[in-house]
Amino acid sequence: MIAVVYSGSRFSDWRLANKGKVVTGFKAMGINPNLHDDRHIFQSLNKSNNLINHAEEIKRIYFYGAGSSAQERKDKIHRVFSNFFKNAKVFVEQDIVGAALATLGDNKGLVGILGSGSNAGYYNGKKMVDDNFGLGYILADEGSSNWIGRKLLKSFLTESMPDDIYDLFIESHPLDRKQVLEKVYNSSNPNQFLTSFTDFVEENASHPFVRDILAQGFELFIETYMIPLQKKYGDYPLNFTGSIAATHDKILRDVARKHRLQIDQIINEPIHNLLNYYIKKT
């Protein structure tokens, strides 16, 4: 049996397959080695009955996750997973590699992630090349739900939101200045707070103010990452994964078209294509 995992900070997608057939698929707690210690990761695995029931049957695990770029973070995932899945060989890579496999397979191309965080890179058919863009929610994450949450909160706190959006925001998120600053600067996982406004953005995406925030984020992402990657590696079409890219695909395509860039695929959940990729390999 194989397990394929694609994880963000909030949720992880799991698929278990045996002899080419899906055994089960489910969502669990997110696993990010940059945010979570060994104990937290092990406990999150131990909370899933699906994993407990199949732990001994799993022989290979392919994990792709946010925060899994540096070797010491990969080692953390490998260590905890090897302890939990006693009979499994564990393979750990960052989420952008999973996004590349899901959209490109073994082909060359450019890939971007726009979900709770954001990232981009060039995949040469075997590995990511010069991927230096995963700088996290403080330094980067342009166009992601983290970035969008920051923009919303700043406009809320500075009272620069249009009145109608301000009223809707207060109704769905009854916050005050003190609560916002506490959650952003003193909570253990402020990035999870920043991503919690995704539903509000989706519900109000047709409003010019919200649409402008989305367009600004996509502009920054494309100008900062995708255009330089095209100039460096070639005129490849763009491929995207992630809930923000998929939910607001029309705005994203409009921004790309403005820069005369072609978008090929936009996939919400890479886990399906990732699983098929490994089923074909076995």
# chains A, B, ... in the order shown; residues from 1 in each chain; ligands from 1
>>> select_by_dssp(residues="stretch 59-237 of chain A", states="helix (DSSP H, G or I)", output="JSON, numbers by chain")
{"A": [71, 72, 73, 74, 75, 76, 77, 78, 79, 80, 81, 82, 83, 84, 95, 96, 97, 98, 99, 100, 101, 102, 103, 104, 136, 137, 138, 139, 145, 146, 147, 148, 149, 150, 151, 152, 153, 154, 155, 156, 157, 163, 164, 165, 166, 167, 168, 169, 170, 171, 172, 177, 178, 179, 180, 181, 182, 183, 184, 185, 190, 191, 192, 193, 194, 195, 196, 197, 198, 199, 200, 201, 202, 203, 208, 209, 210, 211, 212, 213, 214, 215, 216, 217, 218, 219, 220, 221, 222, 223, 224, 225, 226, 227, 228, 229, 230, 231, 232, 233]}
>>> residues_around(residues="A:Ala256", least_positions_apart="2", cutoff="10 Å", atoms="only C-alpha atoms", output="ChimeraX atom specification")
/A:218-219,222-223,226-227,238,250-254,258-263
>>> write_last_selection(atoms="N, CA, C and O atoms", output="PDB file, in the first residue's frame")
ATOM      1  N   PHE A 218      -2.421  39.016  -7.294  1.00  0.00           N
ATOM      2  CA  PHE A 218      -2.014  38.232  -8.458  1.00  0.00           C
ATOM      3  C   PHE A 218      -0.990  38.994  -9.302  1.00  0.00           C
ATOM      4  O   PHE A 218      -0.061  38.399  -9.851  1.00  0.00           O
ATOM      5  N   GLU A 219      -1.178  40.315  -9.411  1.00  0.00           N
ATOM      6  CA  GLU A 219      -0.196  41.143 -10.123  1.00  0.00           C
ATOM      7  C   GLU A 219       1.180  41.012  -9.474  1.00  0.00           C
ATOM      8  O   GLU A 219       2.193  40.797 -10.155  1.00  0.00           O
ATOM      9  N   ILE A 222       2.699  37.470 -10.093  1.00  0.00           N
ATOM     10  CA  ILE A 222       3.157  37.258 -11.464  1.00  0.00           C
ATOM     11  C   ILE A 222       4.371  38.119 -11.773  1.00  0.00           C
ATOM     12  O   ILE A 222       5.352  37.646 -12.375  1.00  0.00           O
ATOM     13  N   GLU A 223       4.362  39.382 -11.367  1.00  0.00           N
ATOM     14  CA  GLU A 223       5.487  40.270 -11.651  1.00  0.00           C
ATOM     15  C   GLU A 223       6.746  39.875 -10.878  1.00  0.00           C
ATOM     16  O   GLU A 223       7.865  39.977 -11.398  1.00  0.00           O
ATOM     17  N   MET A 226       6.671  34.893 -11.645  1.00  0.00           N
ATOM     18  CA  MET A 226       6.449  34.165 -12.886  1.00  0.00           C
ATOM     19  C   MET A 226       7.146  34.817 -14.086  1.00  0.00           C
ATOM     20  O   MET A 226       7.720  34.115 -14.924  1.00  0.00           O
ATOM     21  N   ILE A 227       7.096  36.140 -14.180  1.00  0.00           N
ATOM     22  CA  ILE A 227       7.763  36.803 -15.309  1.00  0.00           C
ATOM     23  C   ILE A 227       9.279  36.590 -15.266  1.00  0.00           C
ATOM     24  O   ILE A 227       9.885  36.228 -16.287  1.00  0.00           O
ATOM     25  N   LEU A 238       2.021  28.940 -17.820  1.00  0.00           N
ATOM     26  CA  LEU A 238       1.982  28.884 -16.364  1.00  0.00           C
ATOM     27  C   LEU A 238       0.997  27.824 -15.910  1.00  0.00           C
ATOM     28  O   LEU A 238      -0.061  27.631 -16.512  1.00  0.00           O
ATOM     29  N   LYS A 250     -10.770  33.319 -12.831  1.00  0.00           N
ATOM     30  CA  LYS A 250     -11.034  34.313 -13.872  1.00  0.00           C
ATOM     31  C   LYS A 250     -10.182  35.562 -13.658  1.00  0.00           C
ATOM     32  O   LYS A 250      -9.608  36.105 -14.621  1.00  0.00           O
ATOM     33  N   ILE A 251     -10.098  36.021 -12.407  1.00  0.00           N
ATOM     34  CA  ILE A 251      -9.272  37.196 -12.115  1.00  0.00           C
ATOM     35  C   ILE A 251      -7.807  36.886 -12.396  1.00  0.00           C
ATOM     36  O   ILE A 251      -7.076  37.706 -12.978  1.00  0.00           O
ATOM     37  N   LEU A 252      -7.366  35.701 -11.999  1.00  0.00           N
ATOM     38  CA  LEU A 252      -5.976  35.301 -12.235  1.00  0.00           C
ATOM     39  C   LEU A 252      -5.665  35.252 -13.726  1.00  0.00           C
ATOM     40  O   LEU A 252      -4.620  35.747 -14.174  1.00  0.00           O
ATOM     41  N   ARG A 253      -6.573  34.686 -14.515  1.00  0.00           N
ATOM     42  CA  ARG A 253      -6.360  34.620 -15.964  1.00  0.00           C
ATOM     43  C   ARG A 253      -6.371  36.012 -16.592  1.00  0.00           C
ATOM     44  O   ARG A 253      -5.613  36.288 -17.528  1.00  0.00           O
ATOM     45  N   ASP A 254      -7.233  36.895 -16.085  1.00  0.00           N
ATOM     46  CA  ASP A 254      -7.267  38.271 -16.599  1.00  0.00           C
ATOM     47  C   ASP A 254      -5.934  38.976 -16.361  1.00  0.00           C
ATOM     48  O   ASP A 254      -5.428  39.686 -17.242  1.00  0.00           O
ATOM     49  N   LYS A 258      -3.202  40.193 -19.203  1.00  0.00           N
ATOM     50  CA  LYS A 258      -2.701  41.575 -19.247  1.00  0.00           C
ATOM     51  C   LYS A 258      -1.196  41.600 -19.502  1.00  0.00           C
ATOM     52  O   LYS A 258      -0.676  42.506 -20.169  1.00  0.00           O
ATOM     53  N   HIS A 259      -0.491  40.596 -18.974  1.00  0.00           N
ATOM     54  CA  HIS A 259       0.959  40.507 -19.161  1.00  0.00           C
ATOM     55  C   HIS A 259       1.328  39.613 -20.353  1.00  0.00           C
ATOM     56  O   HIS A 259       2.501  39.260 -20.519  1.00  0.00           O
ATOM     57  N   ARG A 260       0.322  39.242 -21.137  1.00  0.00           N
ATOM     58  CA  ARG A 260       0.514  38.387 -22.315  1.00  0.00           C
ATOM     59  C   ARG A 260       1.124  37.040 -21.945  1.00  0.00           C
ATOM     60  O   ARG A 260       1.997  36.502 -22.650  1.00  0.00           O
ATOM     61  N   LEU A 261       0.659  36.516 -20.825  1.00  0.00           N
ATOM     62  CA  LEU A 261       1.101  35.201 -20.373  1.00  0.00           C
ATOM     63  C   LEU A 261      -0.032  34.198 -20.537  1.00  0.00           C
ATOM     64  O   LEU A 261      -1.205  34.527 -20.318  1.00  0.00           O
ATOM     65  N   GLN A 262       0.339  32.985 -20.911  1.00  0.00           N
ATOM     66  CA  GLN A 262      -0.643  31.917 -21.086  1.00  0.00           C
ATOM     67  C   GLN A 262      -0.690  31.039 -19.842  1.00  0.00           C
ATOM     68  O   GLN A 262       0.350  30.627 -19.328  1.00  0.00           O
ATOM     69  N   ILE A 263      -1.889  30.768 -19.352  1.00  0.00           N
ATOM     70  CA  ILE A 263      -2.074  29.820 -18.252  1.00  0.00           C
ATOM     71  C   ILE A 263      -2.599  28.518 -18.816  1.00  0.00           C
ATOM     72  O   ILE A 263      -3.583  28.504 -19.564  1.00  0.00           O
TER      73      ILE A 263
END
>>> closest_atom_pairs(of="stretch 21-104 of chain A", to="stretch 123-143 of chain A", cutoff="8 Å", atoms="only C-alpha atoms", output="JSON lines")
{"residue": "A:Val97", "atom": "CA", "partner": "A:Met128", "partner_atom": "CA", "distance": 6.5}
{"residue": "A:Ala100", "atom": "CA", "partner": "A:Tyr123", "partner_atom": "CA", "distance": 6.5}
{"residue": "A:Leu104", "atom": "CA", "partner": "A:Gly125", "partner_atom": "CA", "distance": 7.9}
>>> write_last_selection(atoms="N, CA and C atoms", output="CSV table (one decimal), in the first residue's frame")
chain,number,residue,atom,x,y,z
A,97,VAL,N,7.1,21.0,-5.3
A,97,VAL,CA,7.4,19.8,-6.1
A,97,VAL,C,6.2,19.0,-6.4
A,100,ALA,N,4.2,20.7,-9.0
A,100,ALA,CA,4.8,20.4,-10.4
A,100,ALA,C,4.4,19.0,-10.9
A,104,LEU,N,2.5,19.0,-14.2
A,104,LEU,CA,3.4,18.7,-15.3
A,104,LEU,C,3.9,17.3,-15.5
>>> closest_residue(among="A:Ala3, A:Ala120, A:Leu114, A:Leu168", to="A:Lys89", atoms="only C-alpha atoms")
A:Ala3
>>> residues_around(residues="stretch 5-12 of chain A", least_positions_apart="5", cutoff="10 Å", atoms="only C-alpha atoms", output="PyMOL selection string")
chain A and resi 25-36+61-68+92-95+98-99+115-117+189+191-192+195-196+242+269-272+274-275
>>> select_by_dssp(residues="stretch 29-151 of chain A", states="strand (DSSP E or B)", output="PDB file with N, CA and C atoms, in the first residue's frame")
ATOM      1  N   MET A  29      -5.356  17.100   9.901  1.00  0.00           N
ATOM      2  CA  MET A  29      -4.692  18.338  10.311  1.00  0.00           C
ATOM      3  C   MET A  29      -3.477  18.612   9.422  1.00  0.00           C
ATOM      4  N   ARG A  60       5.097   2.621   1.375  1.00  0.00           N
ATOM      5  CA  ARG A  60       5.766   3.806   0.841  1.00  0.00           C
ATOM      6  C   ARG A  60       4.873   5.025   1.077  1.00  0.00           C
ATOM      7  N   ILE A  61       5.494   6.128   1.508  1.00  0.00           N
ATOM      8  CA  ILE A  61       4.768   7.374   1.739  1.00  0.00           C
ATOM      9  C   ILE A  61       5.457   8.488   0.956  1.00  0.00           C
ATOM     10  N   TYR A  62       4.656   9.202   0.178  1.00  0.00           N
ATOM     11  CA  TYR A  62       5.153  10.350  -0.571  1.00  0.00           C
ATOM     12  C   TYR A  62       4.491  11.595   0.020  1.00  0.00           C
ATOM     13  N   PHE A  63       5.293  12.395   0.722  1.00  0.00           N
ATOM     14  CA  PHE A  63       4.780  13.572   1.414  1.00  0.00           C
ATOM     15  C   PHE A  63       5.268  14.844   0.743  1.00  0.00           C
ATOM     16  N   TYR A  64       4.322  15.732   0.410  1.00  0.00           N
ATOM     17  CA  TYR A  64       4.637  17.041  -0.154  1.00  0.00           C
ATOM     18  C   TYR A  64       3.961  18.094   0.708  1.00  0.00           C
ATOM     19  N   GLY A  65       4.766  18.993   1.274  1.00  0.00           N
ATOM     20  CA  GLY A  65       4.158  19.923   2.213  1.00  0.00           C
ATOM     21  C   GLY A  65       4.792  21.289   2.273  1.00  0.00           C
ATOM     22  N   LYS A  89       8.826   3.163   3.686  1.00  0.00           N
ATOM     23  CA  LYS A  89       9.864   4.072   3.216  1.00  0.00           C
ATOM     24  C   LYS A  89       9.213   5.433   3.020  1.00  0.00           C
ATOM     25  N   VAL A  90       9.849   6.479   3.529  1.00  0.00           N
ATOM     26  CA  VAL A  90       9.242   7.809   3.536  1.00  0.00           C
ATOM     27  C   VAL A  90      10.025   8.743   2.620  1.00  0.00           C
ATOM     28  N   PHE A  91       9.303   9.416   1.720  1.00  0.00           N
ATOM     29  CA  PHE A  91       9.890  10.390   0.810  1.00  0.00           C
ATOM     30  C   PHE A  91       9.245  11.748   1.092  1.00  0.00           C
ATOM     31  N   VAL A  92      10.072  12.755   1.329  1.00  0.00           N
ATOM     32  CA  VAL A  92       9.568  14.077   1.734  1.00  0.00           C
ATOM     33  C   VAL A  92      10.079  15.141   0.780  1.00  0.00           C
ATOM     34  N   GLU A  93       9.158  15.965   0.293  1.00  0.00           N
ATOM     35  CA  GLU A  93       9.527  17.096  -0.559  1.00  0.00           C
ATOM     36  C   GLU A  93       8.617  18.274  -0.257  1.00  0.00           C
ATOM     37  N   GLN A  94       9.017  19.450  -0.682  1.00  0.00           N
ATOM     38  CA  GLN A  94       8.212  20.639  -0.469  1.00  0.00           C
ATOM     39  C   GLN A  94       6.995  20.632  -1.388  1.00  0.00           C
ATOM     40  N   LYS A 108       8.821  19.504 -18.409  1.00  0.00           N
ATOM     41  CA  LYS A 108       9.372  20.774 -17.955  1.00  0.00           C
ATOM     42  C   LYS A 108       8.281  21.847 -17.926  1.00  0.00           C
ATOM     43  N   GLY A 109       8.432  22.822 -17.014  1.00  0.00           N
ATOM     44  CA  GLY A 109       7.478  23.914 -17.025  1.00  0.00           C
ATOM     45  C   GLY A 109       7.532  24.781 -15.784  1.00  0.00           C
ATOM     46  N   LEU A 110       6.670  25.792 -15.766  1.00  0.00           N
ATOM     47  CA  LEU A 110       6.574  26.729 -14.660  1.00  0.00           C
ATOM     48  C   LEU A 110       5.319  26.435 -13.851  1.00  0.00           C
ATOM     49  N   VAL A 111       5.473  26.485 -12.543  1.00  0.00           N
ATOM     50  CA  VAL A 111       4.345  26.176 -11.673  1.00  0.00           C
ATOM     51  C   VAL A 111       4.289  27.175 -10.527  1.00  0.00           C
ATOM     52  N   GLY A 112       3.075  27.522 -10.133  1.00  0.00           N
ATOM     53  CA  GLY A 112       2.874  28.408  -8.996  1.00  0.00           C
ATOM     54  C   GLY A 112       1.821  27.851  -8.064  1.00  0.00           C
ATOM     55  N   ILE A 113       1.955  28.165  -6.789  1.00  0.00           N
ATOM     56  CA  ILE A 113       0.958  27.807  -5.775  1.00  0.00           C
ATOM     57  C   ILE A 113       0.322  29.087  -5.254  1.00  0.00           C
ATOM     58  N   LEU A 114      -0.994  29.118  -5.266  1.00  0.00           N
ATOM     59  CA  LEU A 114      -1.739  30.207  -4.653  1.00  0.00           C
ATOM     60  C   LEU A 114      -2.821  29.587  -3.783  1.00  0.00           C
ATOM     61  N   SER A 118       1.962  31.054  -0.862  1.00  0.00           N
ATOM     62  CA  SER A 118       2.250  31.048  -2.294  1.00  0.00           C
ATOM     63  C   SER A 118       3.714  30.709  -2.531  1.00  0.00           C
ATOM     64  N   ASN A 119       3.967  30.185  -3.702  1.00  0.00           N
ATOM     65  CA  ASN A 119       5.320  29.796  -4.086  1.00  0.00           C
ATOM     66  C   ASN A 119       5.346  29.643  -5.602  1.00  0.00           C
ATOM     67  N   ALA A 120       6.534  29.584  -6.177  1.00  0.00           N
ATOM     68  CA  ALA A 120       6.668  29.434  -7.618  1.00  0.00           C
ATOM     69  C   ALA A 120       8.015  28.829  -7.942  1.00  0.00           C
ATOM     70  N   GLY A 121       8.109  28.207  -9.099  1.00  0.00           N
ATOM     71  CA  GLY A 121       9.384  27.634  -9.491  1.00  0.00           C
ATOM     72  C   GLY A 121       9.355  27.061 -10.894  1.00  0.00           C
ATOM     73  N   TYR A 122      10.543  26.718 -11.372  1.00  0.00           N
ATOM     74  CA  TYR A 122      10.710  26.036 -12.656  1.00  0.00           C
ATOM     75  C   TYR A 122      11.070  24.579 -12.382  1.00  0.00           C
ATOM     76  N   TYR A 123      10.331  23.680 -13.032  1.00  0.00           N
ATOM     77  CA  TYR A 123      10.564  22.243 -12.885  1.00  0.00           C
ATOM     78  C   TYR A 123      11.189  21.734 -14.178  1.00  0.00           C
ATOM     79  N   ASN A 124      12.351  21.077 -14.077  1.00  0.00           N
ATOM     80  CA  ASN A 124      13.073  20.647 -15.285  1.00  0.00           C
ATOM     81  C   ASN A 124      12.726  19.221 -15.711  1.00  0.00           C
ATOM     82  N   MET A 128      12.930  20.698  -8.977  1.00  0.00           N
ATOM     83  CA  MET A 128      12.796  22.141  -9.019  1.00  0.00           C
ATOM     84  C   MET A 128      14.185  22.756  -9.152  1.00  0.00           C
ATOM     85  N   VAL A 129      14.291  23.807  -9.952  1.00  0.00           N
ATOM     86  CA  VAL A 129      15.562  24.463 -10.183  1.00  0.00           C
ATOM     87  C   VAL A 129      15.507  25.885  -9.623  1.00  0.00           C
TER      88      VAL A 129
END
>>> atom_distance(atom1="atom CA of A:Thr241", atom2="atom CA of A:Ile266")
5.6 Å
